[in-house]
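One structure is given here, and the rest of the page talks about it.
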Amino acid sequence: MKNCSTDVLIVGAGPTGLFLSNLLASHHIKNILIEKNSSTVKEPRAVSIDDESLRVIQSLGLINL
Ligand SMILES: Cc1cc2nc3c(=O)[nH]c(=O)nc-3n(C[C@H](O)[C@H](O)[C@H](O)COP(=O)(O)OP(=O)(O)OC[C@H]3O[C@@H](n4cnc5c(N)ncnc54)[C@H](O)[C@@H]3O)c2cc1C
């Protein structure tokens with residue numbers, strides 16, 4: 001990537017970075033998400049999730065409760 005412009009640069013594609021990137025995109029805010037690893041983590045981690053996190057996921061339209 002030589003020249004690029006963005007409104008927000010997010011470093012790290014963990015849950016925080018991925019949610020933030022989706023949230024910004026849903027508000028039409030340009031963002032670039034970079035991750036040092038070649039993929040997201042392989043092991044499942046969503047054993048439990050709290051109500052606040054569910055509300056954020058729902059606000060992105062990713063679940064319909
Ligand atoms: C085995 C396990 C099970 C879990 N189960 C649950 C669960 O059931 N429910 C729950 O709510 N939480 C669970 N967690 C905790 C949850 O995974 C963390 O709270 C969550 O991953 C934190 O998200 P984050 O995006 O803040 O950080 P991280 O997930 O740590 O993501 C940070 C990302 O930034 C990247 N990064 C770091 N430095 C750089 C750099 N300099 N340049 C580019 N990229 C960089 C890293 O590679 C990483 O991908 C679990 C954790 C583990 C280990």
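Letters A, B, ... mark the chains of the structure tokens in the order given; residue numbers begin at 1 per chain; ligand numbers begin at 1, in order shown.
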
inquiry  = From a backbone DSSP assignment, name each residue in chain A labelled strand (DSSP E or B), as a VMD selection string.
reply    = chain A and resid 8 to 11 31 to 34

Each chain A residue no farther than 9 Å from ligand 1, nearest pair in Å, only C-alpha atoms and all ligand atoms, as CSV:
residue,atom,partner,partner_atom_place_in_ligand_line,distance
A:Ile10,CA,ligand 1,43 (C),8.6
A:Val11,CA,ligand 1,43 (C),5.0
A:Gly12,CA,ligand 1,34 (O),3.0
A:Ala13,CA,ligand 1,49 (O),4.7
A:Gly14,CA,ligand 1,31 (O),3.3
A:Pro15,CA,ligand 1,25 (O),4.0
A:Thr16,CA,ligand 1,25 (O),3.6
A:Gly17,CA,ligand 1,25 (O),5.4
A:Leu18,CA,ligand 1,25 (O),7.3
A:Phe19,CA,ligand 1,25 (O),8.4
A:Leu33,CA,ligand 1,43 (C),8.7
A:Ile34,CA,ligand 1,43 (C),5.6
A:Glu35,CA,ligand 1,44 (N),3.8
A:Lys36,CA,ligand 1,43 (C),3.8
A:Asn37,CA,ligand 1,47 (O),5.4
A:Ser38,CA,ligand 1,47 (O),8.9
A:Ser39,CA,ligand 1,49 (O),8.0
A:Thr40,CA,ligand 1,49 (O),6.1
A:Val41,CA,ligand 1,49 (O),6.9
A:Glu43,CA,ligand 1,1 (C),7.0
A:Pro44,CA,ligand 1,3 (C),6.8
A:Arg45,CA,ligand 1,5 (N),3.7
A:Ala46,CA,ligand 1,8 (O),3.8
A:Val47,CA,ligand 1,8 (O),3.3
A:Ser48,CA,ligand 1,8 (O),3.9
A:Ile49,CA,ligand 1,11 (O),4.8
A:Asp50,CA,ligand 1,11 (O),6.9
A:Ser53,CA,ligand 1,11 (O),8.0

Written selection (C-alpha atoms) as a CSV table (one decimal), in the first residue's frame:
chain,number,residue,atom,x,y,z
A,10,ILE,CA,-7.7,0.8,13.1
A,11,VAL,CA,-4.8,-1.4,14.2
A,12,GLY,CA,-5.8,-4.9,15.1
A,13,ALA,CA,-8.6,-7.1,13.8
A,14,GLY,CA,-9.7,-8.5,17.1
A,15,PRO,CA,-13.4,-8.2,18.1
A,16,THR,CA,-12.9,-4.5,19.0
A,17,GLY,CA,-11.3,-3.6,15.7
A,18,LEU,CA,-13.8,-5.6,13.7
A,19,PHE,CA,-16.8,-4.2,15.4
A,33,LEU,CA,-8.3,-2.1,9.4
A,34,ILE,CA,-4.8,-3.6,9.6
A,35,GLU,CA,-3.9,-6.8,11.3
A,36,LYS,CA,-0.4,-8.2,11.9
A,37,ASN,CA,-1.5,-11.8,11.6
A,38,SER,CA,-2.6,-13.3,8.2
A,39,SER,CA,-6.0,-14.2,9.6
A,40,THR,CA,-8.2,-13.8,12.6
A,41,VAL,CA,-7.8,-16.2,15.5
A,43,GLU,CA,-10.0,-21.0,18.1
A,44,PRO,CA,-13.7,-20.3,19.0
A,45,ARG,CA,-14.0,-17.7,21.8
A,46,ALA,CA,-17.7,-16.8,21.8
A,47,VAL,CA,-18.5,-19.1,24.7
A,48,SER,CA,-20.4,-16.3,26.5
A,49,ILE,CA,-21.4,-12.8,25.5
A,50,ASP,CA,-22.9,-10.0,27.6
A,53,SER,CA,-22.0,-6.7,23.3

Secondary structure check, alpha helix (DSSP H) residues of chain A, as a PDB file with C-alpha atoms, in the first residue's frame:
ATOM      1  CA  PRO A  15     -13.383  -8.186  18.121  1.00  0.00           C
ATOM      2  CA  THR A  16     -12.869  -4.513  19.048  1.00  0.00           C
ATOM      3  CA  GLY A  17     -11.289  -3.574  15.719  1.00  0.00           C
ATOM      4  CA  LEU A  18     -13.752  -5.642  13.673  1.00  0.00           C
ATOM      5  CA  PHE A  19     -16.774  -4.154  15.441  1.00  0.00           C
ATOM      6  CA  LEU A  20     -15.391  -0.636  15.177  1.00  0.00           C
ATOM      7  CA  SER A  21     -14.679  -1.058  11.468  1.00  0.00           C
ATOM      8  CA  ASN A  22     -18.227  -2.317  10.833  1.00  0.00           C
ATOM      9  CA  LEU A  23     -19.727   0.423  12.989  1.00  0.00           C
ATOM     10  CA  LEU A  24     -17.799   3.182  11.177  1.00  0.00           C
ATOM     11  CA  ALA A  25     -18.660   1.696   7.764  1.00  0.00           C
ATOM     12  CA  SER A  26     -22.344   1.587   8.732  1.00  0.00           C
ATOM     13  CA  ASP A  51     -25.971  -7.995  26.834  1.00  0.00           C
ATOM     14  CA  GLU A  52     -24.039  -4.847  25.929  1.00  0.00           C
ATOM     15  CA  SER A  53     -21.998  -6.717  23.299  1.00  0.00           C
ATOM     16  CA  LEU A  54     -25.179  -8.260  21.920  1.00  0.00           C
ATOM     17  CA  ARG A  55     -26.675  -4.781  21.569  1.00  0.00           C
ATOM     18  CA  VAL A  56     -23.632  -3.622  19.552  1.00  0.00           C
ATOM     19  CA  ILE A  57     -23.883  -6.674  17.284  1.00  0.00           C
ATOM     20  CA  GLN A  58     -27.597  -6.073  16.873  1.00  0.00           C
ATOM     21  CA  SER A  59     -27.028  -2.388  16.025  1.00  0.00           C
TER      22      SER A  59
END

query = Distance CA of Gly61 in chain A-CA of Ser5 in chain A, one decimal place?
reply = 27.2 Å
